[in-house]
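> Provided herewith: target-v4.txt, compact mmCIF, C-alpha atoms.
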# COMPACT_ATOMS: atom_id res chain seq x y z
CA MET A 24 69.97 82.59 136.52
CA ASN A 25 68.65 84.88 133.83
CA ARG A 26 70.57 87.91 132.65
CA SER A 27 68.41 90.60 134.29
CA ILE A 28 68.67 88.96 137.72
CA ASP A 29 72.43 88.56 137.29
CA THR A 30 72.77 92.25 136.35
CA ARG A 31 70.67 93.39 139.32
CA LEU A 32 72.66 91.18 141.69
CA LYS A 33 75.95 92.61 140.43
CA LYS A 34 74.66 96.16 140.92
CA LEU A 35 73.49 95.37 144.45
CA GLU A 36 76.82 93.79 145.31
CA ALA A 37 78.66 96.81 143.91
CA ALA A 38 76.51 99.21 145.94
CA ASP A 39 77.32 97.41 149.20
CA PRO A 40 79.74 99.63 151.16
CA SER A 41 81.20 96.59 152.94
CA ARG A 42 82.24 95.00 149.65
CA ALA A 43 85.87 93.94 149.77
CA ALA A 44 88.26 95.29 147.16
CA GLN A 45 88.51 93.07 144.10
CA LEU A 46 91.36 92.18 141.76
CA PHE A 47 90.47 91.89 138.07
CA ILE A 48 92.71 90.25 135.50
CA ILE A 49 92.38 92.04 132.18
CA ALA A 50 93.14 90.61 128.74
CA GLY A 51 93.82 92.74 125.70
CA THR A 52 96.63 93.40 123.28
CA THR A 53 96.36 97.19 123.18
CA GLU A 54 95.97 99.83 125.86
CA ALA A 55 92.63 100.85 124.31
CA GLU A 56 91.27 97.28 124.55
CA ARG A 57 92.36 96.96 128.16
CA GLN A 58 90.89 100.34 129.13
CA SER A 59 87.66 99.42 127.36
CA GLN A 60 87.38 96.25 129.45
CA ILE A 61 88.04 98.18 132.66
CA ASP A 62 85.48 100.84 131.73
CA GLY A 63 82.94 98.14 130.89
CA LEU A 64 83.42 96.40 134.24
CA ILE A 65 82.97 99.69 136.09
CA ARG A 66 79.99 100.75 133.98
CA SER A 67 78.25 97.40 134.56
CA GLY A 68 78.67 97.76 138.32
CA GLU A 69 80.81 94.64 138.59
CA ALA A 70 83.91 96.69 139.47
CA LYS A 71 84.67 99.97 141.21
CA GLU A 72 87.31 102.50 140.26
CA THR A 73 89.04 101.69 143.56
CA ASP A 74 89.46 98.01 142.61
CA SER A 75 92.75 96.70 141.27
CA PHE A 76 93.23 95.77 137.62
CA ILE A 77 96.20 93.76 136.39
CA ILE A 78 97.42 92.87 132.93
CA THR A 79 99.56 89.73 132.95
CA GLY A 80 100.89 90.05 129.41
CA VAL A 81 100.50 86.30 128.99
CA PRO A 82 98.81 85.43 125.69
CA ARG A 83 95.77 83.22 126.04
CA SER A 84 94.80 80.35 123.80
CA ALA A 85 91.72 80.46 121.57
CA ASP A 86 89.89 77.97 123.82
CA ARG A 87 90.20 80.14 126.93
CA ARG A 88 87.32 79.95 129.36
CA PHE A 89 87.51 83.45 130.83
CA ALA A 90 88.32 86.76 129.15
CA ALA A 91 88.76 88.46 132.51
CA GLY A 92 88.90 87.08 136.01
CA ARG A 93 87.94 88.39 139.42
CA SER A 94 89.43 87.54 142.76
CA PRO A 95 88.90 89.05 146.21
CA ILE A 96 92.02 90.72 147.53
Now, as a test, write the supplied structure out as structure tokens.

Amino acid sequence: MNRSIDTRLKKLEAADPSRAAQLFIIAGTTEAERQSQIDGLIRSGEAKETDSFIITGVPRSADRRFAAGRSPI
């Protein structure tokens, strides 16, 4: 799927009032980095302000596959 279609799909999913609340796992060593990730997810339409965001505090290895995860609550 190309990037523009993926972006449009995410915006449509975010606009759906029946969308279930989501849980996002945020990575970042400082509060500013974590808030930047949250703001970016909201700005892109992938997340809503009413979603839940969690910071595990577990350091990730350099070969990690995901910087942030999403799971339906």
> Rank nothing, just name the residue among A:Ile61, A:Ala70, A:Ile77, A:Ile28 nearest to Gln45 (chain A), using only C-alpha atoms.
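Under the stated criterion, the closest residue is A:Ala70.
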> Would you mind reading off the distance between CA of Thr79 (chain A) and CA of Thr30 (chain A), one decimal, in Å?
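Those two atoms sit 27.1 Å apart.
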> Work out how far CA of Ser27 (chain A) is from CA of Asp74 (chain A), in Å to one decimal.
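It comes out at 23.8 Å.
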> Counting only C-alpha atoms, which of A:Thr52, A:Arg26, A:Ser67, A:Leu46 gets nearest to Val81 (chain A)?
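Selected residue with least distance to Val81 (chain A): A:Thr52.
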> Given 6 Å on each side, where is the centre and what are the edge lengths in Å to one decimal of the axis-aligned box enclosing the listed atoms of region 42-50 of chain A, as JSON?

{"center_x": 87.7, "center_y": 92.8, "center_z": 139.3, "size_x": 22.9, "size_y": 17.0, "size_z": 33.0}
> Which residue is closest to Ala37 (chain A)? Choose from A:Asn25, A:Thr73, A:Thr53, A:Ser59 and count all atoms listed in the file.
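The answer is A:Thr73, which sits nearest to Ala37 (chain A).
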> A:Ile48, A:Ala55, A:Lys34, A:Asp29: which is nearest Glu69 (chain A), counting all atoms listed in the file?
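Ranked by minimum distance to Glu69 (chain A), first place goes to A:Lys34.
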> Give the answer as one residue: which of A:Gly51, A:Gly68, A:Glu56, A:Ile78 has the shortest atom-to-atom distance to Arg31 (chain A), using all atoms listed in the file?
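Nearest candidate to Arg31 (chain A) out of A:Gly51, A:Gly68, A:Glu56, A:Ile78: A:Gly68.
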> For Glu72 (chain A), please output as a list in words all residues within 10 Å (counting only C-alpha atoms; exclusion window: fewer than 6 positions along the same chain).
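Result of the neighbour search: Ile61, Asp62, Leu64, Ile65 and Arg66 of chain A.
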> Can you measure CA of Arg57 (chain A) to CA of Phe76 (chain A) for me? One decimal in Å is fine.
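Distance reported for this atom pair: 9.6 Å.
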> Mind rebuilding region 64-76 of chain A with N, CA and C atoms and writing that out as a compact mmCIF listing (two decimals), in the frame of the given file?

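Once written, out06.txt looks like this:
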# COMPACT_ATOMS: atom_id res chain seq x y z
N LEU A 64 83.63 97.00 132.92
CA LEU A 64 83.42 96.40 134.24
C LEU A 64 82.89 97.43 135.24
N ILE A 65 83.42 98.63 135.19
CA ILE A 65 82.97 99.69 136.09
C ILE A 65 81.56 100.11 135.74
N ARG A 66 81.30 100.32 134.45
CA ARG A 66 79.99 100.75 133.98
C ARG A 66 78.91 99.73 134.33
N SER A 67 79.23 98.44 134.26
CA SER A 67 78.25 97.40 134.56
C SER A 67 77.97 97.27 136.06
N GLY A 68 78.84 97.86 136.87
CA GLY A 68 78.67 97.76 138.32
C GLY A 68 79.42 96.58 138.92
N GLU A 69 80.06 95.79 138.09
CA GLU A 69 80.81 94.64 138.59
C GLU A 69 82.09 95.07 139.30
N ALA A 70 82.67 96.19 138.88
CA ALA A 70 83.91 96.69 139.47
C ALA A 70 83.73 98.15 139.90
N LYS A 71 84.61 98.57 140.79
CA LYS A 71 84.67 99.97 141.21
C LYS A 71 85.99 100.55 140.76
N GLU A 72 86.05 101.86 140.66
CA GLU A 72 87.31 102.50 140.26
C GLU A 72 88.41 102.24 141.27
N THR A 73 88.05 101.94 142.50
CA THR A 73 89.04 101.69 143.56
C THR A 73 89.56 100.26 143.56
N ASP A 74 88.98 99.39 142.72
CA ASP A 74 89.46 98.01 142.61
C ASP A 74 90.80 97.99 141.89
N SER A 75 91.47 96.85 141.95
CA SER A 75 92.75 96.70 141.27
C SER A 75 92.56 95.95 139.96
N PHE A 76 93.28 96.40 138.94
CA PHE A 76 93.23 95.77 137.62
C PHE A 76 94.65 95.42 137.23
